[in-house]
Structure formats: structure tokens, C-alpha cells
$ cat query-v3.cif   # mmCIF, C-alpha atoms; chains and numbers go by the auth columns
data_input
#
loop_
_atom_site.group_PDB
_atom_site.id
_atom_site.type_symbol
_atom_site.label_atom_id
_atom_site.label_comp_id
_atom_site.label_asym_id
_atom_site.label_seq_id
_atom_site.Cartn_x
_atom_site.Cartn_y
_atom_site.Cartn_z
_atom_site.B_iso_or_equiv
_atom_site.auth_seq_id
_atom_site.auth_asym_id
ATOM 1 C CA MET A 1 26.235 0.170 9.024 0.00 42 D
ATOM 2 C CA THR A 2 23.721 0.771 6.270 0.00 43 D
ATOM 3 C CA THR A 3 23.195 -2.789 5.095 0.00 44 D
ATOM 4 C CA VAL A 4 19.849 -4.571 5.249 0.00 45 D
ATOM 5 C CA ASP A 5 19.461 -8.344 5.068 0.00 46 D
ATOM 6 C CA ILE A 6 16.084 -9.841 4.210 0.00 47 D
ATOM 7 C CA TYR A 7 15.275 -13.444 5.086 0.00 48 D
ATOM 8 C CA ASP A 8 12.695 -15.453 3.155 0.00 49 D
ATOM 9 C CA PRO A 9 11.691 -18.419 5.319 0.00 50 D
ATOM 10 C CA GLN A 10 9.864 -20.099 2.418 0.00 51 D
ATOM 11 C CA VAL A 11 13.107 -20.603 0.499 0.00 52 D
ATOM 12 C CA GLY A 12 15.455 -20.478 3.505 0.00 53 D
ATOM 13 C CA MET A 13 17.706 -17.799 2.051 0.00 54 D
ATOM 14 C CA TRP A 14 18.956 -14.311 2.824 0.00 55 D
ATOM 15 C CA GLN A 15 19.248 -11.545 0.273 0.00 56 D
ATOM 16 C CA GLU A 16 20.649 -8.061 0.513 0.00 57 D
ATOM 17 C CA GLY A 17 18.097 -5.286 0.605 0.00 58 D
ATOM 18 C CA SER A 18 18.495 -1.657 -0.334 0.00 59 D
ATOM 19 C CA HIS A 19 20.956 0.154 1.929 0.00 60 D
ATOM 20 C CA MET A 20 19.760 2.616 4.546 0.00 61 D
ATOM 21 C CA LEU A 21 20.349 6.277 3.720 0.00 62 D
ATOM 22 C CA ARG A 22 23.079 6.705 6.346 0.00 63 D
ATOM 23 C CA PRO A 23 24.865 4.548 8.906 0.00 64 D
ATOM 24 C CA LYS A 24 23.068 4.346 12.229 0.00 65 D
ATOM 25 C CA SER A 25 22.751 2.165 15.309 0.00 66 D
ATOM 26 C CA ASN A 26 20.861 2.241 18.605 0.00 67 D
ATOM 27 C CA PHE A 27 17.625 3.346 16.914 0.00 68 D
ATOM 28 C CA GLY A 28 14.008 2.360 17.481 0.00 69 D
ATOM 29 C CA VAL A 29 12.106 0.297 14.909 0.00 70 D
ATOM 30 C CA ALA A 30 8.384 0.125 14.249 0.00 71 D
ATOM 31 C CA VAL A 31 6.244 -1.208 11.405 0.00 72 D
ATOM 32 C CA LEU A 32 3.272 0.837 10.215 0.00 73 D
ATOM 33 C CA ASP A 33 1.189 0.394 7.056 0.00 74 D
ATOM 34 C CA GLY A 34 3.735 -1.955 5.458 0.00 75 D
ATOM 35 C CA SER A 35 6.704 0.345 6.010 0.00 76 D
ATOM 36 C CA ILE A 36 9.555 0.033 8.498 0.00 77 D
ATOM 37 C CA TYR A 37 10.447 3.177 10.451 0.00 78 D
ATOM 38 C CA CYS A 38 13.973 3.524 11.892 0.00 79 D
ATOM 39 C CA VAL A 39 13.734 6.303 14.468 0.00 80 D
ATOM 40 C CA GLY A 40 16.581 8.325 15.987 0.00 81 D
ATOM 41 C CA GLY A 41 19.779 6.499 16.895 0.00 82 D
ATOM 42 C CA SER A 42 23.452 7.307 16.615 0.00 83 D
ATOM 43 C CA ASP A 43 25.855 7.640 13.697 0.00 84 D
ATOM 44 C CA GLY A 44 28.945 7.139 15.863 0.00 85 D
ATOM 45 C CA THR A 45 29.565 10.865 16.248 0.00 86 D
ATOM 46 C CA GLY A 46 26.295 11.986 17.839 0.00 87 D
ATOM 47 C CA ASP A 47 22.636 11.354 18.525 0.00 88 D
ATOM 48 C CA LEU A 48 20.202 11.572 15.613 0.00 89 D
ATOM 49 C CA ALA A 49 16.722 13.006 15.130 0.00 90 D
ATOM 50 C CA SER A 50 16.465 11.508 11.650 0.00 91 D
ATOM 51 C CA VAL A 51 13.831 8.972 10.663 0.00 92 D
ATOM 52 C CA GLU A 52 14.304 6.621 7.728 0.00 93 D
ATOM 53 C CA VAL A 53 11.344 4.796 6.204 0.00 94 D
ATOM 54 C CA TYR A 54 11.716 1.555 4.247 0.00 95 D
ATOM 55 C CA ASP A 55 9.029 0.499 1.786 0.00 96 D
ATOM 56 C CA VAL A 56 9.182 -3.286 1.712 0.00 97 D
ATOM 57 C CA GLN A 57 7.379 -3.589 -1.644 0.00 98 D
ATOM 58 C CA SER A 58 9.648 -1.206 -3.574 0.00 99 D
ATOM 59 C CA ASN A 59 12.828 -2.052 -1.589 0.00 100 D
ATOM 60 C CA ARG A 60 13.499 1.692 -1.191 0.00 101 D
ATOM 61 C CA TRP A 61 14.393 3.972 1.681 0.00 102 D
ATOM 62 C CA ARG A 62 13.225 7.542 2.036 0.00 103 D
ATOM 63 C CA GLN A 63 13.798 10.239 4.589 0.00 104 D
ATOM 64 C CA GLY A 64 10.878 10.589 7.004 0.00 105 D
ATOM 65 C CA ASN A 65 10.024 13.567 9.168 0.00 106 D
ATOM 66 C CA SER A 66 12.651 13.995 11.878 0.00 107 D
ATOM 67 C CA LEU A 67 11.997 13.783 15.591 0.00 108 D
ATOM 68 C CA ALA A 68 11.873 17.100 17.433 0.00 109 D
ATOM 69 C CA HIS A 69 14.734 15.914 19.678 0.00 110 D
ATOM 70 C CA PRO A 70 17.784 13.860 18.678 0.00 111 D
ATOM 71 C CA ARG A 71 18.374 10.740 20.770 0.00 112 D
ATOM 72 C CA SER A 72 19.836 7.267 20.727 0.00 113 D
ATOM 73 C CA TYR A 73 19.076 4.092 22.681 0.00 114 D
ATOM 74 C CA ILE A 74 15.453 4.891 21.882 0.00 115 D
ATOM 75 C CA GLN A 75 12.581 2.455 21.423 0.00 116 D
ATOM 76 C CA ALA A 76 9.562 2.683 19.139 0.00 117 D
ATOM 77 C CA ALA A 77 6.171 1.003 19.033 0.00 118 D
ATOM 78 C CA VAL A 78 2.845 1.336 17.232 0.00 119 D
ATOM 79 C CA LEU A 79 -0.363 2.086 19.110 0.00 120 D
ATOM 80 C CA ASP A 80 -3.693 2.899 17.457 0.00 121 D
ATOM 81 C CA GLY A 81 -2.113 3.621 14.057 0.00 122 D
ATOM 82 C CA ALA A 82 0.568 5.974 15.413 0.00 123 D
ATOM 83 C CA ILE A 83 4.269 5.425 16.065 0.00 124 D
ATOM 84 C CA TYR A 84 5.580 6.379 19.491 0.00 125 D
ATOM 85 C CA ALA A 85 9.276 7.167 20.034 0.00 126 D
ATOM 86 C CA VAL A 86 9.954 6.389 23.691 0.00 127 D
ATOM 87 C CA GLY A 87 12.794 7.424 25.987 0.00 128 D
ATOM 88 C CA GLY A 88 16.417 7.135 24.940 0.00 129 D
ATOM 89 C CA SER A 89 19.407 9.288 25.722 0.00 130 D
ATOM 90 C CA ARG A 90 21.042 12.461 24.490 0.00 131 D
ATOM 91 C CA LYS A 91 24.767 12.323 25.150 0.00 132 D
ATOM 92 C CA THR A 92 24.879 11.162 28.794 0.00 133 D
ATOM 93 C CA THR A 93 21.372 12.284 29.796 0.00 134 D
ATOM 94 C CA ARG A 94 18.618 9.660 29.934 0.00 135 D
ATOM 95 C CA LEU A 95 15.256 10.907 28.703 0.00 136 D
ATOM 96 C CA SER A 96 11.618 10.483 29.706 0.00 137 D
ATOM 97 C CA MET A 97 10.314 12.199 26.585 0.00 138 D
ATOM 98 C CA VAL A 98 7.841 10.592 24.213 0.00 139 D
ATOM 99 C CA GLU A 99 6.975 11.726 20.705 0.00 140 D
ATOM 100 C CA LYS A 100 4.103 10.504 18.549 0.00 141 D
ATOM 101 C CA LEU A 101 3.990 10.387 14.759 0.00 142 D
ATOM 102 C CA GLY A 102 0.339 11.108 14.133 0.00 143 D
ATOM 103 C CA THR A 103 -1.793 11.134 11.021 0.00 144 D
ATOM 104 C CA SER A 104 -0.518 14.628 10.158 0.00 145 D
ATOM 105 C CA GLY A 105 2.891 13.103 9.441 0.00 146 D
ATOM 106 C CA THR A 106 4.661 15.264 12.006 0.00 147 D
ATOM 107 C CA TRP A 107 6.026 14.282 15.402 0.00 148 D
ATOM 108 C CA GLU A 108 3.981 15.613 18.308 0.00 149 D
ATOM 109 C CA THR A 109 4.890 15.692 21.974 0.00 150 D
ATOM 110 C CA ALA A 110 3.103 13.127 24.119 0.00 151 D
ATOM 111 C CA ALA A 111 3.159 12.960 27.911 0.00 152 D
ATOM 112 C CA GLU A 112 6.573 12.200 29.365 0.00 153 D
ATOM 113 C CA MET A 113 7.166 8.961 31.203 0.00 154 D
ATOM 114 C CA ASN A 114 7.490 9.121 34.978 0.00 155 D
ATOM 115 C CA THR A 115 11.037 7.758 34.786 0.00 156 D
ATOM 116 C CA PRO A 116 13.830 8.578 32.316 0.00 157 D
ATOM 117 C CA ARG A 117 14.721 5.378 30.430 0.00 158 D
ATOM 118 C CA SER A 118 17.180 4.432 27.738 0.00 159 D
ATOM 119 C CA ARG A 119 16.855 0.987 26.156 0.00 160 D
ATOM 120 C CA PRO A 120 13.593 -0.038 27.864 0.00 161 D
ATOM 121 C CA ALA A 121 11.335 -2.795 26.603 0.00 162 D
ATOM 122 C CA VAL A 122 8.509 -1.005 24.763 0.00 163 D
ATOM 123 C CA GLY A 123 5.376 -2.308 23.103 0.00 164 D
ATOM 124 C CA SER A 124 1.620 -2.027 22.935 0.00 165 D
ATOM 125 C CA HIS A 125 -1.152 -4.250 24.188 0.00 166 D
ATOM 126 C CA CYS A 126 -4.927 -3.760 24.482 0.00 167 D
ATOM 127 C CA GLY A 127 -4.882 -0.066 23.573 0.00 168 D
ATOM 128 C CA ARG A 128 -2.009 0.888 25.879 0.00 169 D
ATOM 129 C CA LEU A 129 1.710 1.473 25.505 0.00 170 D
ATOM 130 C CA TYR A 130 4.171 -0.061 27.970 0.00 171 D
ATOM 131 C CA ALA A 131 7.752 0.867 28.906 0.00 172 D
ATOM 132 C CA MET A 132 9.603 -1.537 31.190 0.00 173 D
ATOM 133 C CA GLY A 133 13.086 -1.570 32.616 0.00 174 D
ATOM 134 C CA GLY A 134 15.927 0.254 30.892 0.00 175 D
ATOM 135 C CA TYR A 135 18.611 2.453 32.388 0.00 176 D
ATOM 136 C CA ASP A 136 18.156 5.863 34.047 0.00 177 D
ATOM 137 C CA GLY A 137 21.823 6.880 33.991 0.00 178 D
ATOM 138 C CA ALA A 138 22.603 5.456 37.435 0.00 179 D
ATOM 139 C CA THR A 139 20.503 2.322 37.845 0.00 180 D
ATOM 140 C CA ILE A 140 19.253 -0.554 35.734 0.00 181 D
ATOM 141 C CA LEU A 141 15.506 -0.416 36.274 0.00 182 D
ATOM 142 C CA ARG A 142 12.854 -2.933 37.365 0.00 183 D
ATOM 143 C CA SER A 143 10.113 -0.328 37.221 0.00 184 D
ATOM 144 C CA ALA A 144 7.431 -0.355 34.539 0.00 185 D
ATOM 145 C CA GLU A 145 4.790 2.067 33.351 0.00 186 D
ATOM 146 C CA CYS A 146 1.768 2.184 31.105 0.00 187 D
ATOM 147 C CA TYR A 147 0.535 4.955 28.788 0.00 188 D
ATOM 148 C CA THR A 148 -3.171 5.569 28.202 0.00 189 D
ATOM 149 C CA PRO A 149 -3.531 7.609 24.987 0.00 190 D
ATOM 150 C CA ASP A 150 -7.002 9.073 25.599 0.00 191 D
ATOM 151 C CA ARG A 151 -5.728 10.528 28.894 0.00 192 D
ATOM 152 C CA ASN A 152 -2.224 11.267 27.567 0.00 193 D
ATOM 153 C CA ARG A 153 -0.840 9.962 30.857 0.00 194 D
ATOM 154 C CA TRP A 154 1.740 7.437 32.067 0.00 195 D
ATOM 155 C CA THR A 155 0.951 5.385 35.167 0.00 196 D
ATOM 156 C CA MET A 156 3.418 3.287 37.150 0.00 197 D
ATOM 157 C CA ILE A 157 2.537 -0.414 37.261 0.00 198 D
ATOM 158 C CA ALA A 158 4.021 -3.289 39.280 0.00 199 D
ATOM 159 C CA ASN A 159 7.807 -3.640 39.166 0.00 200 D
ATOM 160 C CA MET A 160 9.342 -6.531 37.275 0.00 201 D
ATOM 161 C CA THR A 161 10.970 -9.272 39.351 0.00 202 D
ATOM 162 C CA VAL A 162 14.500 -8.234 38.283 0.00 203 D
ATOM 163 C CA PRO A 163 16.100 -5.113 36.776 0.00 204 D
ATOM 164 C CA ARG A 164 16.641 -5.292 32.990 0.00 205 D
ATOM 165 C CA ASN A 165 18.362 -3.068 30.443 0.00 206 D
ATOM 166 C CA SER A 166 17.792 -3.724 26.708 0.00 207 D
ATOM 167 C CA PRO A 167 15.237 -6.518 27.190 0.00 208 D
ATOM 168 C CA GLY A 168 12.850 -7.855 24.577 0.00 209 D
ATOM 169 C CA PHE A 169 9.075 -7.260 24.586 0.00 210 D
ATOM 170 C CA ALA A 170 6.427 -9.724 23.402 0.00 211 D
ATOM 171 C CA VAL A 171 2.698 -10.238 23.793 0.00 212 D
ATOM 172 C CA VAL A 172 1.328 -13.776 23.962 0.00 213 D
ATOM 173 C CA GLY A 173 -2.416 -14.020 24.429 0.00 214 D
ATOM 174 C CA SER A 174 -3.336 -11.689 27.270 0.00 215 D
ATOM 175 C CA ARG A 175 0.172 -11.539 28.781 0.00 216 D
ATOM 176 C CA ILE A 176 3.180 -9.322 28.239 0.00 217 D
ATOM 177 C CA LEU A 177 6.582 -10.987 28.379 0.00 218 D
ATOM 178 C CA VAL A 178 9.788 -9.061 28.995 0.00 219 D
ATOM 179 C CA CYS A 179 12.684 -11.315 28.089 0.00 220 D
ATOM 180 C CA GLY A 180 16.417 -11.255 28.728 0.00 221 D
ATOM 181 C CA GLY A 181 18.351 -8.020 28.900 0.00 222 D
ATOM 182 C CA TYR A 182 21.352 -6.956 30.912 0.00 223 D
ATOM 183 C CA ASN A 183 21.169 -6.785 34.713 0.00 224 D
ATOM 184 C CA GLY A 184 24.621 -5.350 35.435 0.00 225 D
ATOM 185 C CA LYS A 185 26.225 -8.789 35.656 0.00 226 D
ATOM 186 C CA VAL A 186 25.144 -10.844 32.673 0.00 227 D
#
$ encode --input "query-v3.cif" --output "C-alpha cells"
Amino acid sequence: MTTVDIYDPQVGMWQEGSHMLRPKSNFGVAVLDGSIYCVGGSDGTGDLASVEVYDVQSNRWRQGNSLAHPRSYIQAAVLDGAIYAVGGSRKTTRLSMVEKLGTSGTWETAAEMNTPRSRPAVGSHCGRLYAMGGYDGATILRSAECYTPDRNRWTMIANMTVPRNSPGFAVVGSRILVCGGYNGKV
């Protein structure tokens, strides 16, 4: 789909926004400097490297700089003013790759995660990037890891209590919450 719905909680109504440039699903989303970045994904026929950028103020989409590697089931997060595109899959291969959209406007390679992950929970907290759970192509994961940008290194952290694919990520106070997801049964 290319449609965008925008909800205004002050008036309690939805309105249709400007359509995306092309149909896509299974992409990562991050917000930086008032724009929404839709990173990678699938168009139903293959994995995408494309990045679409939505300017909320003008209600317009534009083509952003493409990822170096096409992938779907990817996640994205902002850390220290940069967008990170984390994991995903290319066809049937799960990926550990990470790309960073720096101030130059081009995607740069960052350190790979220790574990290939599609659909992990990804987010930032206290100057670090986290990737938790997901699917490695054979197993739904409970493992989690943390990226330190000044060292350009991922470190394994304590496993979650249960395996989770496609969970949500939230920060509340000093804690990270990983919510829901699919465990192979539910």
C-alpha cells in the first residue's frame, strides 16, 4: 500500500496524508529532524534498498538516499542524530548488517550485530542502540545485544525471559520494555 493516515488527537479525526512514492511493507521507520524515514522493506516482488522521507509540515514524500543493501523485515532507530538500519532479511537469508545514515546524507556501514536478526525490537536508550529478539532463520530469539557507537561494537547482554519475533520496543524512565511479539505459538 501507499496510503498514509494521519490522526489528530485534538479533534479525534483521521485524515488521508500524501501517498508514499511506491507500495512497500516490512520496512523500518524512524523520525529525525521532523521527517519520517521509511527504510528498506518489500514491494511484494523483492527486497528494497529504497528510502522514502516524509516531511510532516509540507505533507510531501521524497526519495532519500538508498541503503547499500536491499532488505526487508528491517528495523530502524535514531541514536545521536543518526538513523540506524538494523538487521532484516534478503530473500531467505537473515542479516546481521547495520547501516548508519550520518550527517553526510549517505549510508555508512556500522559494525555488524553478533547475531543475524529479522524483525527484532530495536531502539535507543542512554547513548546506546539495542536489538532484542527477532528471527535468525531457524529460531525465534531471546538473545539481546547493545551497540556502543564510539567503539562501533555490539555486545551481547542478558537474554530476555522468552523468545520474541516482531516485538515492540519502549523506554520508560530508566528501563527498556520489549512487549508482545510472536513466540512460535501465539
$ atom_distance --input "query-v3.cif" --atom1 "atom CA of D:Gln116" --atom2 "atom CA of D:Tyr48"
23.0 Å
$ axis_aligned_box --input "query-v3.cif" --around "stretch 194-202 of chain D" --padding-each-side "4 Å" --output "lines of an AutoDock Vina configuration file"
center_x = 5.1
center_y = 0.3
center_z = 35.1
size_x = 19.8
size_y = 27.2
size_z = 16.5
$ atom_distance --input "query-v3.cif" --atom1 "atom CA of D:Cys79" --atom2 "atom CA of D:Asp177"
22.7 Å
$ resolve_selection --input "query-v3.cif" --expression "the PyMOL selection byres ((chain D and resi 137) around 12)" --output "ChimeraX atom specification"
/D:110,112,115-116,126-131,134-136,138-140,150-161,172,175-178,186,195
$ resolve_selection --input "query-v3.cif" --expression "the PyMOL selection byres ((chain D and resi 226) around 12)" --output "list in words"
Ile181, Pro204, Arg205, Asn206, Gly222, Tyr223, Asn224, Gly225 and Val227 of chain D
$ write_last_selection --input "query-v3.cif" --atoms "C-alpha atoms" --output "PDB file, in the coordinates of the input"
ATOM      1  CA  ILE D 181      19.253  -0.554  35.734  1.00  0.00           C
ATOM      2  CA  PRO D 204      16.100  -5.113  36.776  1.00  0.00           C
ATOM      3  CA  ARG D 205      16.641  -5.292  32.990  1.00  0.00           C
ATOM      4  CA  ASN D 206      18.362  -3.068  30.443  1.00  0.00           C
ATOM      5  CA  GLY D 222      18.351  -8.020  28.900  1.00  0.00           C
ATOM      6  CA  TYR D 223      21.352  -6.956  30.912  1.00  0.00           C
ATOM      7  CA  ASN D 224      21.169  -6.785  34.713  1.00  0.00           C
ATOM      8  CA  GLY D 225      24.621  -5.350  35.435  1.00  0.00           C
ATOM      9  CA  VAL D 227      25.144 -10.844  32.673  1.00  0.00           C
TER      10      VAL D 227
END
$ resolve_selection --input "query-v3.cif" --expression "the PyMOL selection byres ((chain D and resi 213-221) around 9)" --output "ChimeraX atom specification"
/D:162,164,166-167,173-174,201,205-212,222-224
$ residues_near_point --input "query-v3.cif" --point "(-1.9, -1.6, 27.5)" --cutoff "9 Å" --atoms "all atoms listed in the file" --output "number ranges by chain"
D: 164-171, 187-189
$ residues_around --input "query-v3.cif" --residues "D:Gly85" --least-positions-apart "3" --cutoff "10 Å" --atoms "only C-alpha atoms" --output "count of residues only"
7
$ atom_distance --input "query-v3.cif" --atom1 "atom CA of D:Val203" --atom2 "atom CA of D:Ser184"
9.1 Å
$ closest_residue --input "query-v3.cif" --among "D:Gly146, D:Pro190, D:Gly58, D:Pro50" --to "D:Asn100" --atoms "all atoms listed in the file"
D:Gly58
$ closest_residue --input "query-v3.cif" --among "D:Met54, D:Ala109, D:Arg183, D:Ile47" --to "D:Val97" --atoms "all atoms listed in the file"
D:Ile47
